[in-house]
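query26.pdb (PDB, C-alpha atoms)
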```pdb
ATOM      1  CA  MET P1265      68.084 162.441  26.466
ATOM      2  CA  ALA P1266      69.841 162.182  29.800
ATOM      3  CA  ILE P1267      66.557 161.486  31.560
ATOM      4  CA  GLU P1268      65.712 158.691  29.128
ATOM      5  CA  THR P1269      69.141 157.144  29.601
ATOM      6  CA  LEU P1270      68.766 157.320  33.397
ATOM      7  CA  VAL P1271      65.340 155.667  33.226
ATOM      8  CA  GLN P1272      66.659 152.886  30.989
ATOM      9  CA  ASP P1273      69.592 152.315  33.317
ATOM     10  CA  ASN P1274      67.249 152.109  36.304
ATOM     11  CA  LEU P1275      64.998 149.644  34.499
ATOM     12  CA  MET P1276      67.937 147.492  33.475
ATOM     13  CA  GLU P1277      69.342 147.575  36.989
ATOM     14  CA  GLY P1278      65.949 146.759  38.502
ATOM     15  CA  GLY P1279      65.484 143.898  36.040
ATOM     16  CA  LEU P1280      68.898 142.483  36.904
ATOM     17  CA  VAL P1281      68.198 142.733  40.632
ATOM     18  CA  ALA P1282      64.794 141.098  40.197
ATOM     19  CA  ALA P1283      66.269 138.288  38.142
ATOM     20  CA  GLU P1284      69.005 137.798  40.728
ATOM     21  CA  GLU P1285      66.432 137.667  43.520
ATOM     22  CA  ARG P1286      64.438 135.068  41.639
ATOM     23  CA  ARG P1287      67.492 132.859  41.313
ATOM     24  CA  SER P1288      68.754 133.262  44.887
ATOM     25  CA  ILE P1289      68.038 130.867  47.765
ATOM     26  CA  GLN P1290      66.796 132.285  51.064
ATOM     27  CA  TRP P1291      68.630 130.068  53.506
ATOM     28  CA  SER P1292      66.690 131.298  56.511
ATOM     29  CA  SER P1293      63.481 129.757  55.160
ATOM     30  CA  VAL P1294      65.352 126.616  54.065
ATOM     31  CA  ILE P1295      66.866 126.111  57.513
ATOM     32  CA  ALA P1296      63.516 126.758  59.187
ATOM     33  CA  GLY P1297      61.828 124.167  56.987
ATOM     34  CA  ALA P1298      64.580 121.614  57.622
ATOM     35  CA  LEU P1299      64.380 122.097  61.390
ATOM     36  CA  ALA P1300      60.594 121.777  61.284
ATOM     37  CA  SER P1301      60.910 118.549  59.291
ATOM     38  CA  GLY P1302      63.449 117.151  61.734
ATOM     39  CA  ALA P1303      61.344 118.008  64.771
ATOM     40  CA  MET P1304      58.179 116.500  63.319
ATOM     41  CA  SER P1305      60.064 113.385  62.194
ATOM     42  CA  PHE P1306      61.553 112.929  65.668
ATOM     43  CA  ILE P1307      58.107 113.136  67.262
ATOM     44  CA  LEU P1308      56.514 110.666  64.860
ATOM     45  CA  VAL P1309      59.403 108.187  64.917
ATOM     46  CA  SER P1310      59.498 108.286  68.723
ATOM     47  CA  PHE P1311      55.760 107.610  68.812
ATOM     48  CA  GLY P1312      56.138 104.706  66.382
ATOM     49  CA  VAL P1313      58.941 103.140  68.428
ATOM     50  CA  ALA P1314      56.913 103.605  71.621
ATOM     51  CA  ILE P1315      53.950 101.648  70.231
ATOM     52  CA  GLY P1316      56.189  98.890  68.859
ATOM     53  CA  LEU P1317      56.510  99.892  65.207
ATOM     54  CA  GLY P1318      60.301  99.653  65.048
ATOM     55  CA  VAL P1319      61.340  98.625  61.552
ATOM     56  CA  SER P1320      64.095  96.257  62.640
ATOM     57  CA  SER P1321      65.534  94.743  65.787
ATOM     58  CA  ALA P1322      67.901  91.967  66.809
ATOM     59  CA  SER P1323      65.732  90.805  69.708
ATOM     60  CA  PRO P1324      64.138  87.349  69.520
ATOM     61  CA  THR P1325      60.654  88.793  70.045
ATOM     62  CA  TRP P1326      60.964  90.879  66.872
ATOM     63  CA  ARG P1327      62.326  87.954  64.856
ATOM     64  CA  ASP P1328      59.253  85.945  65.798
ATOM     65  CA  ALA P1329      56.950  88.739  64.629
ATOM     66  CA  SER P1330      54.944  88.345  61.452
ATOM     67  CA  ALA P1331      55.840  89.850  58.100
ATOM     68  CA  ALA P1332      52.721  92.004  58.341
ATOM     69  CA  LEU P1333      54.169  93.849  61.342
ATOM     70  CA  ALA P1334      57.408  94.523  59.455
ATOM     71  CA  LEU P1335      55.472  95.825  56.451
ATOM     72  CA  LEU P1336      53.299  97.963  58.719
ATOM     73  CA  SER P1337      56.424  99.436  60.302
ATOM     74  CA  GLY P1338      57.850 100.252  56.874
ATOM     75  CA  LEU P1339      54.552 101.838  55.818
ATOM     76  CA  TYR P1340      54.552 103.956  58.966
ATOM     77  CA  LEU P1341      58.062 105.135  58.139
ATOM     78  CA  ILE P1342      56.843 106.321  54.732
ATOM     79  CA  ILE P1343      53.772 108.024  56.230
ATOM     80  CA  GLN P1344      55.827 109.891  58.828
ATOM     81  CA  ALA P1345      58.180 111.062  56.076
ATOM     82  CA  ILE P1346      55.234 112.428  54.100
ATOM     83  CA  ILE P1347      53.934 114.317  57.135
ATOM     84  CA  SER P1348      57.345 115.566  58.254
ATOM     85  CA  PHE P1349      58.647 116.728  54.880
ATOM     86  CA  GLY P1350      55.275 118.162  53.984
ATOM     87  CA  PHE P1351      55.253 120.181  57.187
ATOM     88  CA  GLY P1352      58.794 121.447  56.638
ATOM     89  CA  GLY P1353      58.223 122.184  52.963
ATOM     90  CA  TYR P1354      55.072 124.158  53.718
ATOM     91  CA  ILE P1355      56.913 126.286  56.270
ATOM     92  CA  ALA P1356      59.800 126.874  53.850
ATOM     93  CA  GLY P1357      57.394 128.017  51.121
ATOM     94  CA  ARG P1358      55.190 130.046  53.432
ATOM     95  CA  ILE P1359      57.924 132.202  55.019
ATOM     96  CA  VAL P1360      60.079 132.749  51.920
ATOM     97  CA  ARG P1361      59.897 136.260  50.505
ATOM     98  CA  PRO P1362      57.570 136.538  47.498
ATOM     99  CA  ALA P1363      59.048 136.571  44.022
ATOM    100  CA  PRO P1364      59.663 140.026  42.463
ATOM    101  CA  ALA P1365      56.920 141.564  40.369
ATOM    102  CA  LEU P1366      59.062 141.371  37.228
ATOM    103  CA  ALA P1367      58.612 137.823  35.996
ATOM    104  CA  THR P1368      59.005 136.509  32.497
ATOM    105  CA  ILE P1369      57.746 133.029  33.227
ATOM    106  CA  GLU P1370      54.243 132.421  34.477
ATOM    107  CA  ASP P1371      55.132 129.647  36.933
ATOM    108  CA  ASP P1372      58.402 131.242  38.078
ATOM    109  CA  GLY P1373      57.098 131.860  41.595
ATOM    110  CA  GLU P1374      55.832 128.280  41.886
ATOM    111  CA  ARG P1375      59.198 126.913  40.788
ATOM    112  CA  ARG P1376      60.985 129.206  43.193
ATOM    113  CA  ASP P1377      58.886 128.113  46.181
ATOM    114  CA  GLY P1378      59.212 124.463  45.199
ATOM    115  CA  LEU P1379      62.993 124.714  45.023
ATOM    116  CA  HIS P1380      63.053 126.148  48.542
ATOM    117  CA  GLY P1381      60.986 123.195  49.760
ATOM    118  CA  LEU P1382      63.249 120.747  47.938
ATOM    119  CA  THR P1383      66.354 122.383  49.421
ATOM    120  CA  SER P1384      64.894 122.155  52.918
ATOM    121  CA  TRP P1385      64.196 118.451  52.281
ATOM    122  CA  ALA P1386      67.808 117.874  51.224
ATOM    123  CA  LEU P1387      69.144 119.705  54.273
ATOM    124  CA  ALA P1388      66.865 117.734  56.610
ATOM    125  CA  VAL P1389      68.021 114.433  55.065
ATOM    126  CA  LEU P1390      71.685 115.386  55.453
ATOM    127  CA  ILE P1391      71.190 116.468  59.077
ATOM    128  CA  GLY P1392      69.360 113.221  59.885
ATOM    129  CA  ALA P1393      72.061 111.106  58.220
ATOM    130  CA  ALA P1394      74.792 112.946  60.132
ATOM    131  CA  LEU P1395      73.018 112.439  63.455
ATOM    132  CA  LEU P1396      72.483 108.732  62.759
ATOM    133  CA  ALA P1397      76.145 108.339  61.854
ATOM    134  CA  ILE P1398      77.240 110.048  65.080
ATOM    135  CA  ILE P1399      74.871 107.965  67.219
ATOM    136  CA  GLY P1400      75.928 104.751  65.474
ATOM    137  CA  ALA P1401      79.616 105.519  65.932
ATOM    138  CA  ALA P1402      79.076 106.277  69.623
ATOM    139  CA  ALA P1403      77.129 103.044  70.105
ATOM    140  CA  VAL P1404      79.846 100.981  68.426
ATOM    141  CA  GLU P1405      82.558 102.696  70.478
ATOM    142  CA  ARG P1406      80.774 101.881  73.736
ATOM    143  CA  SER P1407      79.881  98.338  72.724
ATOM    144  CA  PRO P1408      81.377  95.606  74.921
ATOM    145  CA  MET P1409      82.288  93.726  71.742
ATOM    146  CA  ARG P1410      85.247  96.106  71.333
ATOM    147  CA  SER P1411      86.872  94.804  74.508
ATOM    148  CA  GLY P1412      88.968  92.308  72.561
ATOM    149  CA  ALA P1413      89.583  91.815  68.866
ATOM    150  CA  GLY P1414      89.778  88.028  69.176
ATOM    151  CA  ASN P1415      86.423  87.839  70.923
ATOM    152  CA  THR P1416      84.597  90.167  68.530
ATOM    153  CA  THR P1417      82.000  88.638  66.241
ATOM    154  CA  ALA P1418      79.177  90.040  64.171
ATOM    155  CA  ALA P1419      76.989  87.136  65.267
ATOM    156  CA  GLU P1420      76.733  88.199  68.914
ATOM    157  CA  PRO P1421      74.002  90.869  68.534
ATOM    158  CA  LEU P1422      72.035  88.798  66.033
ATOM    159  CA  LEU P1423      72.490  85.248  67.361
ATOM    160  CA  SER P1424      72.960  85.954  71.062
ATOM    161  CA  TYR P1425      69.843  83.972  71.999
ATOM    162  CA  GLU P1426      70.932  80.998  69.864
ATOM    163  CA  LEU P1427      74.396  81.077  71.455
ATOM    164  CA  ASP P1428      72.829  81.170  74.911
ATOM    165  CA  LYS P1429      70.810  78.049  74.104
ATOM    166  CA  LEU P1430      73.816  76.348  72.528
ATOM    167  CA  PHE P1431      76.059  76.645  75.608
ATOM    168  CA  ARG P1432      73.338  76.418  78.264
ATOM    169  CA  ALA P1433      74.409  74.200  81.160
ATOM    170  CA  PRO P1434      72.774  73.444  84.529
ATOM    171  CA  ARG P1435      76.140  73.532  86.281
ATOM    172  CA  ARG P1436      79.273  75.381  85.223
ATOM    173  CA  PRO P1437      82.386  76.284  87.203
ATOM    174  CA  PRO P1438      82.376  79.914  88.369
ATOM    175  CA  ASN P1439      84.408  82.565  86.548
ATOM    176  CA  THR P1440      84.335  80.589  83.298
ATOM    177  CA  ASP P1441      85.193  82.821  80.346
ATOM    178  CA  MET P1442      82.863  81.905  77.483
ATOM    179  CA  ARG P1443      83.609  84.882  75.215
ATOM    180  CA  GLU P1444      86.094  83.137  72.953
ATOM    181  CA  ALA P1445      83.946  80.025  72.615
ATOM    182  CA  ARG P1446      80.827  82.075  71.873
ATOM    183  CA  ALA P1447      82.673  84.204  69.303
ATOM    184  CA  GLU P1448      83.997  81.133  67.491
ATOM    185  CA  ALA P1449      80.634  79.376  67.574
ATOM    186  CA  GLY P1450      78.930  82.540  66.352
ATOM    187  CA  ARG P1451      81.212  82.783  63.343
ATOM    188  CA  ILE P1452      80.434  79.164  62.512
ATOM    189  CA  LEU P1453      76.681  79.639  62.891
ATOM    190  CA  MET P1454      76.804  82.659  60.570
ATOM    191  CA  THR P1455      77.755  80.286  57.765
ATOM    192  CA  SER P1456      74.396  78.526  58.128
ATOM    193  CA  SER P1457      72.880  81.075  55.738
ATOM    194  CA  SER P1458      75.543  80.530  53.075
ATOM    195  CA  HIS P1459      74.997  78.517  49.917
ATOM    196  CA  ASN P1460      76.733  75.404  51.280
ATOM    197  CA  GLY P1461      75.666  75.839  54.905
ATOM    198  CA  VAL P1462      77.711  74.691  57.888
ATOM    199  CA  SER P1463      80.376  72.236  56.842
ATOM    200  CA  VAL P1464      80.667  68.798  58.398
ATOM    201  CA  ASP P1465      83.959  69.628  60.098
ATOM    202  CA  ASP P1466      82.518  72.785  61.656
ATOM    203  CA  ARG P1467      79.472  70.881  62.854
ATOM    204  CA  ASN P1468      81.602  68.161  64.460
ATOM    205  CA  TYR P1469      83.765  70.818  66.103
ATOM    206  CA  LEU P1470      80.676  72.522  67.560
ATOM    207  CA  VAL P1471      79.452  69.195  68.902
ATOM    208  CA  GLN P1472      82.784  68.656  70.664
ATOM    209  CA  GLN P1473      82.744  72.190  72.106
ATOM    210  CA  VAL P1474      79.184  71.880  73.381
ATOM    211  CA  ALA P1475      79.868  68.489  74.945
ATOM    212  CA  ALA P1476      83.011  69.780  76.661
ATOM    213  CA  LEU P1477      81.514  73.034  77.978
ATOM    214  CA  THR P1478      78.064  71.790  78.963
ATOM    215  CA  GLY P1479      78.715  68.190  80.019
ATOM    216  CA  LEU P1480      76.125  66.768  77.609
ATOM    217  CA  GLY P1481      76.528  63.409  75.952
ATOM    218  CA  ALA P1482      77.377  63.162  72.267
ATOM    219  CA  PRO P1483      73.775  62.458  71.058
ATOM    220  CA  ASP P1484      72.339  65.388  73.076
ATOM    221  CA  ALA P1485      75.129  67.699  71.931
ATOM    222  CA  GLU P1486      74.457  66.784  68.289
ATOM    223  CA  ARG P1487      70.745  67.495  68.653
ATOM    224  CA  ARG P1488      71.472  70.835  70.307
ATOM    225  CA  VAL P1489      73.947  71.836  67.578
ATOM    226  CA  ASP P1490      71.538  70.860  64.790
ATOM    227  CA  ALA P1491      68.752  72.855  66.433
ATOM    228  CA  SER P1492      71.044  75.875  66.809
ATOM    229  CA  ILE P1493      72.071  75.707  63.152
ATOM    230  CA  ALA P1494      68.420  75.610  62.042
ATOM    231  CA  ASP P1495      67.438  78.450  64.385
ATOM    232  CA  SER P1496      70.409  80.539  63.239
ATOM    233  CA  HIS P1497      69.475  80.078  59.591
ATOM    234  CA  THR P1498      65.923  81.228  60.329
ATOM    235  CA  ALA P1499      67.092  84.228  62.359
ATOM    236  CA  ILE P1500      69.523  85.367  59.655
ATOM    237  CA  SER P1501      66.861  84.986  56.952
ATOM    238  CA  ARG P1502      64.419  87.119  58.924
ATOM    239  CA  ALA P1503      67.098  89.706  59.599
ATOM    240  CA  ARG P1504      67.797  89.916  55.872
ATOM    241  CA  ARG P1505      64.084  90.305  55.182
ATOM    242  CA  ASN P1506      63.898  93.129  57.701
ATOM    243  CA  SER P1507      66.965  94.770  56.150
ATOM    244  CA  VAL P1508      65.281  94.720  52.740
ATOM    245  CA  ILE P1509      62.175  96.301  54.237
ATOM    246  CA  VAL P1510      64.291  98.946  55.958
ATOM    247  CA  ALA P1511      66.197  99.781  52.775
ATOM    248  CA  PHE P1512      63.045  99.969  50.647
ATOM    249  CA  SER P1513      61.158 102.001  53.235
ATOM    250  CA  VAL P1514      63.984 104.507  53.706
ATOM    251  CA  ALA P1515      64.473 104.955  49.952
ATOM    252  CA  ALA P1516      60.737 105.265  49.289
ATOM    253  CA  ALA P1517      60.273 107.673  52.205
ATOM    254  CA  ALA P1518      63.134 109.878  50.992
ATOM    255  CA  LEU P1519      61.951 110.000  47.371
ATOM    256  CA  ILE P1520      58.304 110.538  48.249
ATOM    257  CA  GLY P1521      59.361 113.133  50.824
ATOM    258  CA  ALA P1522      61.131 115.140  48.107
ATOM    259  CA  ALA P1523      57.950 115.333  46.007
ATOM    260  CA  VAL P1524      55.839 116.141  49.063
ATOM    261  CA  ALA P1525      58.245 118.900  50.155
ATOM    262  CA  TRP P1526      58.044 120.495  46.688
ATOM    263  CA  ALA P1527      54.227 120.347  46.628
ATOM    264  CA  ALA P1528      53.890 121.610  50.194
ATOM    265  CA  ALA P1529      56.248 124.533  49.500
ATOM    266  CA  VAL P1530      54.188 125.478  46.453
ATOM    267  CA  ALA P1531      51.031 125.342  48.569
ATOM    268  CA  GLY P1532      52.691 127.463  51.261
ATOM    269  CA  GLY P1533      53.743 130.056  48.700
ATOM    270  CA  ARG P1534      50.237 130.229  47.254
ATOM    271  CA  HIS P1535      48.690 130.650  50.688
ATOM    272  CA  ARG P1536      51.283 133.319  51.482
ATOM    273  CA  ASP P1537      50.227 135.285  48.397
ATOM    274  CA  GLY P1538      46.513 134.705  49.044
ATOM    275  CA  GLU P1539      46.052 132.716  45.839
ATOM    276  CA  PRO P1540      44.346 129.382  45.213
ATOM    277  CA  LEU P1541      46.459 126.347  44.609
ATOM    278  CA  PRO P1542      47.578 125.438  41.070
ATOM    279  CA  ASN P1543      45.518 123.185  38.812
ATOM    280  CA  TRP P1544      47.526 120.048  39.644
ATOM    281  CA  MET P1545      46.585 120.595  43.285
ATOM    282  CA  ALA P1546      43.029 121.762  42.580
ATOM    283  CA  SER P1547      41.490 119.080  44.789
ATOM    284  CA  SER P1548      43.001 120.830  47.829
ATOM    285  CA  ASN P1549      41.582 124.269  46.988
ATOM    286  CA  ARG P1550      38.594 123.606  49.222
ATOM    287  CA  PHE P1551      40.899 124.188  52.192
ATOM    288  CA  HIS P1552      41.724 127.693  50.918
ATOM    289  CA  ARG P1553      39.727 130.359  52.755
ATOM    290  CA  GLY P1554      39.681 132.853  49.888
ATOM    291  CA  ARG P1555      36.859 132.848  47.370
ATOM    292  CA  ARG P1556      37.501 131.353  44.004
ATOM    293  CA  ALA P1557      36.059 132.805  40.866
ATOM    294  CA  MET P1558      33.305 130.602  39.484
ATOM    295  CA  PRO P1559      33.285 130.000  35.741
ATOM    296  CA  VAL P1560      30.549 131.824  33.886
ATOM    297  CA  PRO P1561      28.346 129.454  31.846
TER     298      PRO P1561
END
```
Any chance you could put this one into structure tokens?
Amino acid sequence: MAIETLVQDNLMEGGLVAAEERRSIQWSSVIAGALASGAMSFILVSFGVAIGLGVSSASPTWRDASAALALLSGLYLIIQAIISFGFGGYIAGRIVRPAPALATIEDDGERRDGLHGLTSWALAVLIGAALLAIIGAAAVERSPMRSGAGNTTAAEPLLSYELDKLFRAPRRPPNTDMREARAEAGRILMTSSSHNGVSVDDRNYLVQQVAALTGLGAPDAERRVDASIADSHTAISRARRNSVIVAFSVAAAALIGAAVAWAAAVAGGRHRDGEPLPNWMASSNRFHRGRRAMPVP
């Protein structure tokens, strides 16, 4: 009787331990998968930027680029996310400890490996967002726009080329401070993309400023202001288009990356156990080196 009780206690304790192990997360494999995803993403993004596939830029050369290049850049962002998160998810599933032998659900091991891949994806996304936030904060802190609150304008990075053309002059007295004039003109030009556009009073004020700072006559100053308003409207519209592409590409890459990380972790767990891939991934079983049992006719 005592022996039977001891055996039952051992079985119950072993079942509880096995169930607890099935529910636990092995953070070492999750962290390894997240680091692998981050490293692969850094390599691919750096390569894309090097060959000119940046998704967005404030430079005039990018604003003159075609919509096809912007779409190609967004597609590359999605492809690199698939490769990066797939690589990290596979590593997370491959190095995680196998599920205990006691299993009440047939696909418990697959779910367990997939959750490790999904957790590594989430950790990689959070690490990337934190790094981008730190880099962005450092760039804003070092920006020359922070030198004076009155001279700060959001138009300067986007419409710097248009402001250069607006106040271009063959001769100007040395040590002329144009920051306040450029900031005010930039804020006016930003309204060109609004529903009502640049008001008549703002346009007349810009004409007076351009004539006073460049020495142009009234007709030439009016033509230059009208051209700057049209160019600013086009630049802002293209920047908005690029922002939409960036937002869609980032969201699509993140969501697709989650599914890819799950699938890759499942594949890594199957390869770790020496088993073929599940039925929903049967098309990839040809890459498995083990023999598969052929159905008997």
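Ranking P:Leu1299, P:Val1462, P:Leu1470, P:Ile1500 by their shortest atom-to-atom distance to Ile1355 (chain P), with only C-alpha atoms included, puts P:Leu1299 first.
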**Study point:** Answer key for the PyMOL selection byres ((chain P and resi 1360) around 10), residues as number ranges by chain
**Key:** P: 1289-1294, 1355-1359, 1361-1363, 1376-1377, 1380-1381, 1529, 1532-1533, 1536
Review point. If we count all atoms listed in the file, what is near Val1530 (chain P) at a cut-off of 9 Å, once residues fewer than 4 positions away on the same chain are taken out, given as a VMD selection string?
Key: chain P and resid 1353 to 1354 1357 to 1358 1373 to 1379 1381 1525 to 1526 1534 to 1535 1541 to 1542
I need the residues from that last selection saved to file as a PDB file, in the coordinates of the input (with C-alpha atoms), if you can.
```pdb
ATOM      1  CA  GLY P1353      58.223 122.184  52.963  1.00  0.00           C
ATOM      2  CA  TYR P1354      55.072 124.158  53.718  1.00  0.00           C
ATOM      3  CA  GLY P1357      57.394 128.017  51.121  1.00  0.00           C
ATOM      4  CA  ARG P1358      55.190 130.046  53.432  1.00  0.00           C
ATOM      5  CA  GLY P1373      57.098 131.860  41.595  1.00  0.00           C
ATOM      6  CA  GLU P1374      55.832 128.280  41.886  1.00  0.00           C
ATOM      7  CA  ARG P1375      59.198 126.913  40.788  1.00  0.00           C
ATOM      8  CA  ARG P1376      60.985 129.206  43.193  1.00  0.00           C
ATOM      9  CA  ASP P1377      58.886 128.113  46.181  1.00  0.00           C
ATOM     10  CA  GLY P1378      59.212 124.463  45.199  1.00  0.00           C
ATOM     11  CA  LEU P1379      62.993 124.714  45.023  1.00  0.00           C
ATOM     12  CA  GLY P1381      60.986 123.195  49.760  1.00  0.00           C
ATOM     13  CA  ALA P1525      58.245 118.900  50.155  1.00  0.00           C
ATOM     14  CA  TRP P1526      58.044 120.495  46.688  1.00  0.00           C
ATOM     15  CA  ARG P1534      50.237 130.229  47.254  1.00  0.00           C
ATOM     16  CA  HIS P1535      48.690 130.650  50.688  1.00  0.00           C
ATOM     17  CA  LEU P1541      46.459 126.347  44.609  1.00  0.00           C
ATOM     18  CA  PRO P1542      47.578 125.438  41.070  1.00  0.00           C
TER      19      PRO P1542
END
```
Review point. At what distance in Å, to one decimal, does CA of Ala1518 (chain P) lie from CA of Ile1398 (chain P)?
Key: 19.9 Å
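With distances taken over all atoms listed in the file, P:Ser1496 is the one residue among P:Thr1478, P:Asn1506, P:Ser1424, P:Ser1496 lying closest to Thr1455 (chain P).
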Check your understanding: With distances taken over all atoms listed in the file, which of P:Ser1305, P:Ser1310, P:Ser1492, P:Ser1458 is nearest to Val1471 (chain P)?
Key -> P:Ser1492
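Pairwise distance (CA of Ser1513 (chain P), CA of Gly1338 (chain P)) equals 5.2 Å.
In terms of minimum interatomic distance to Arg1504 (chain P), P:Ser1457 ranks closest within P:Ser1457, P:Arg1432, P:Leu1339, P:Arg1467, counting only C-alpha atoms.
The shortest atom-to-atom distance to Ala1345 (chain P), with all atoms listed in the file taken into account, belongs to P:Gly1302 out of P:Gly1302, P:Gly1400, P:Pro1483, P:Gly1316.
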Exercise for review: Just say which residues the PyMOL selection byres ((chain P and resi 1449) around 10) picks in this file, as JSON, numbers by chain.
Suggested key: {"P": [1417, 1419, 1420, 1427, 1430, 1431, 1443, 1444, 1445, 1446, 1447, 1448, 1450, 1451, 1452, 1453, 1454, 1466, 1467, 1469, 1470, 1473, 1474]}
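The space between CA of Ser1507 (chain P) and CA of Ala1394 (chain P) spans 20.2 Å.
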Exercise for review: For Trp1385 (chain P), please output as a ChimeraX atom specification all residues within 8 Å (counting all atoms listed in the file; exclusion window: fewer than 2 positions along the same chain).
Suggested key: /P:1297-1298,1301,1349,1352-1353,1381-1383,1387-1389,1521-1522,1525
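Using only C-alpha atoms, the shortest contact distance between Leu1422 (chain P) and any of P:Ala1527, P:Ala1386, P:Ala1499, P:Ala1511 is found at P:Ala1499.
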Incomplete region 1345-1361 of chain P filled out to N, CA, C and O atoms as a PDB file, in the frame of the given file:
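Final file, selection38.pdb:
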```
ATOM      1  N   ALA P1345      57.367 110.227  56.961  1.00  0.00           N
ATOM      2  CA  ALA P1345      58.180 111.062  56.076  1.00  0.00           C
ATOM      3  C   ALA P1345      57.303 112.021  55.282  1.00  0.00           C
ATOM      4  O   ALA P1345      57.674 113.189  55.074  1.00  0.00           O
ATOM      5  N   ILE P1346      56.153 111.549  54.833  1.00  0.00           N
ATOM      6  CA  ILE P1346      55.234 112.428  54.100  1.00  0.00           C
ATOM      7  C   ILE P1346      54.775 113.582  54.988  1.00  0.00           C
ATOM      8  O   ILE P1346      54.766 114.756  54.571  1.00  0.00           O
ATOM      9  N   ILE P1347      54.403 113.267  56.225  1.00  0.00           N
ATOM     10  CA  ILE P1347      53.934 114.317  57.135  1.00  0.00           C
ATOM     11  C   ILE P1347      55.072 115.272  57.494  1.00  0.00           C
ATOM     12  O   ILE P1347      54.912 116.503  57.466  1.00  0.00           O
ATOM     13  N   SER P1348      56.229 114.732  57.809  1.00  0.00           N
ATOM     14  CA  SER P1348      57.345 115.566  58.254  1.00  0.00           C
ATOM     15  C   SER P1348      57.849 116.482  57.146  1.00  0.00           C
ATOM     16  O   SER P1348      57.985 117.696  57.328  1.00  0.00           O
ATOM     17  N   PHE P1349      58.127 115.910  55.972  1.00  0.00           N
ATOM     18  CA  PHE P1349      58.647 116.728  54.880  1.00  0.00           C
ATOM     19  C   PHE P1349      57.582 117.664  54.324  1.00  0.00           C
ATOM     20  O   PHE P1349      57.905 118.750  53.839  1.00  0.00           O
ATOM     21  N   GLY P1350      56.326 117.246  54.388  1.00  0.00           N
ATOM     22  CA  GLY P1350      55.275 118.162  53.984  1.00  0.00           C
ATOM     23  C   GLY P1350      55.167 119.355  54.918  1.00  0.00           C
ATOM     24  O   GLY P1350      55.000 120.500  54.476  1.00  0.00           O
ATOM     25  N   PHE P1351      55.298 119.100  56.204  1.00  0.00           N
ATOM     26  CA  PHE P1351      55.253 120.181  57.187  1.00  0.00           C
ATOM     27  C   PHE P1351      56.429 121.141  56.999  1.00  0.00           C
ATOM     28  O   PHE P1351      56.265 122.361  56.971  1.00  0.00           O
ATOM     29  N   GLY P1352      57.625 120.589  56.840  1.00  0.00           N
ATOM     30  CA  GLY P1352      58.794 121.447  56.638  1.00  0.00           C
ATOM     31  C   GLY P1352      58.762 122.186  55.322  1.00  0.00           C
ATOM     32  O   GLY P1352      59.140 123.363  55.243  1.00  0.00           O
ATOM     33  N   GLY P1353      58.320 121.508  54.252  1.00  0.00           N
ATOM     34  CA  GLY P1353      58.223 122.184  52.963  1.00  0.00           C
ATOM     35  C   GLY P1353      57.209 123.303  52.968  1.00  0.00           C
ATOM     36  O   GLY P1353      57.436 124.359  52.353  1.00  0.00           O
ATOM     37  N   TYR P1354      56.088 123.098  53.647  1.00  0.00           N
ATOM     38  CA  TYR P1354      55.072 124.158  53.718  1.00  0.00           C
ATOM     39  C   TYR P1354      55.618 125.382  54.447  1.00  0.00           C
ATOM     40  O   TYR P1354      55.388 126.523  54.028  1.00  0.00           O
ATOM     41  N   ILE P1355      56.338 125.155  55.534  1.00  0.00           N
ATOM     42  CA  ILE P1355      56.913 126.286  56.270  1.00  0.00           C
ATOM     43  C   ILE P1355      57.954 127.007  55.417  1.00  0.00           C
ATOM     44  O   ILE P1355      57.999 128.244  55.377  1.00  0.00           O
ATOM     45  N   ALA P1356      58.785 126.246  54.699  1.00  0.00           N
ATOM     46  CA  ALA P1356      59.800 126.874  53.850  1.00  0.00           C
ATOM     47  C   ALA P1356      59.161 127.724  52.761  1.00  0.00           C
ATOM     48  O   ALA P1356      59.631 128.824  52.451  1.00  0.00           O
ATOM     49  N   GLY P1357      58.064 127.232  52.158  1.00  0.00           N
ATOM     50  CA  GLY P1357      57.394 128.017  51.121  1.00  0.00           C
ATOM     51  C   GLY P1357      56.578 129.157  51.666  1.00  0.00           C
ATOM     52  O   GLY P1357      56.421 130.195  51.002  1.00  0.00           O
ATOM     53  N   ARG P1358      56.069 129.004  52.869  1.00  0.00           N
ATOM     54  CA  ARG P1358      55.190 130.046  53.432  1.00  0.00           C
ATOM     55  C   ARG P1358      55.981 131.270  53.892  1.00  0.00           C
ATOM     56  O   ARG P1358      55.510 132.411  53.776  1.00  0.00           O
ATOM     57  N   ILE P1359      57.185 131.076  54.443  1.00  0.00           N
ATOM     58  CA  ILE P1359      57.924 132.202  55.019  1.00  0.00           C
ATOM     59  C   ILE P1359      58.951 132.787  54.049  1.00  0.00           C
ATOM     60  O   ILE P1359      59.587 133.791  54.379  1.00  0.00           O
ATOM     61  N   VAL P1360      59.136 132.178  52.875  1.00  0.00           N
ATOM     62  CA  VAL P1360      60.079 132.749  51.920  1.00  0.00           C
ATOM     63  C   VAL P1360      59.504 134.051  51.354  1.00  0.00           C
ATOM     64  O   VAL P1360      58.288 134.203  51.221  1.00  0.00           O
ATOM     65  N   ARG P1361      60.362 134.984  51.054  1.00  0.00           N
ATOM     66  CA  ARG P1361      59.897 136.260  50.505  1.00  0.00           C
ATOM     67  C   ARG P1361      59.290 136.035  49.128  1.00  0.00           C
ATOM     68  O   ARG P1361      59.798 135.235  48.340  1.00  0.00           O
TER      69      ARG P1361
END
```
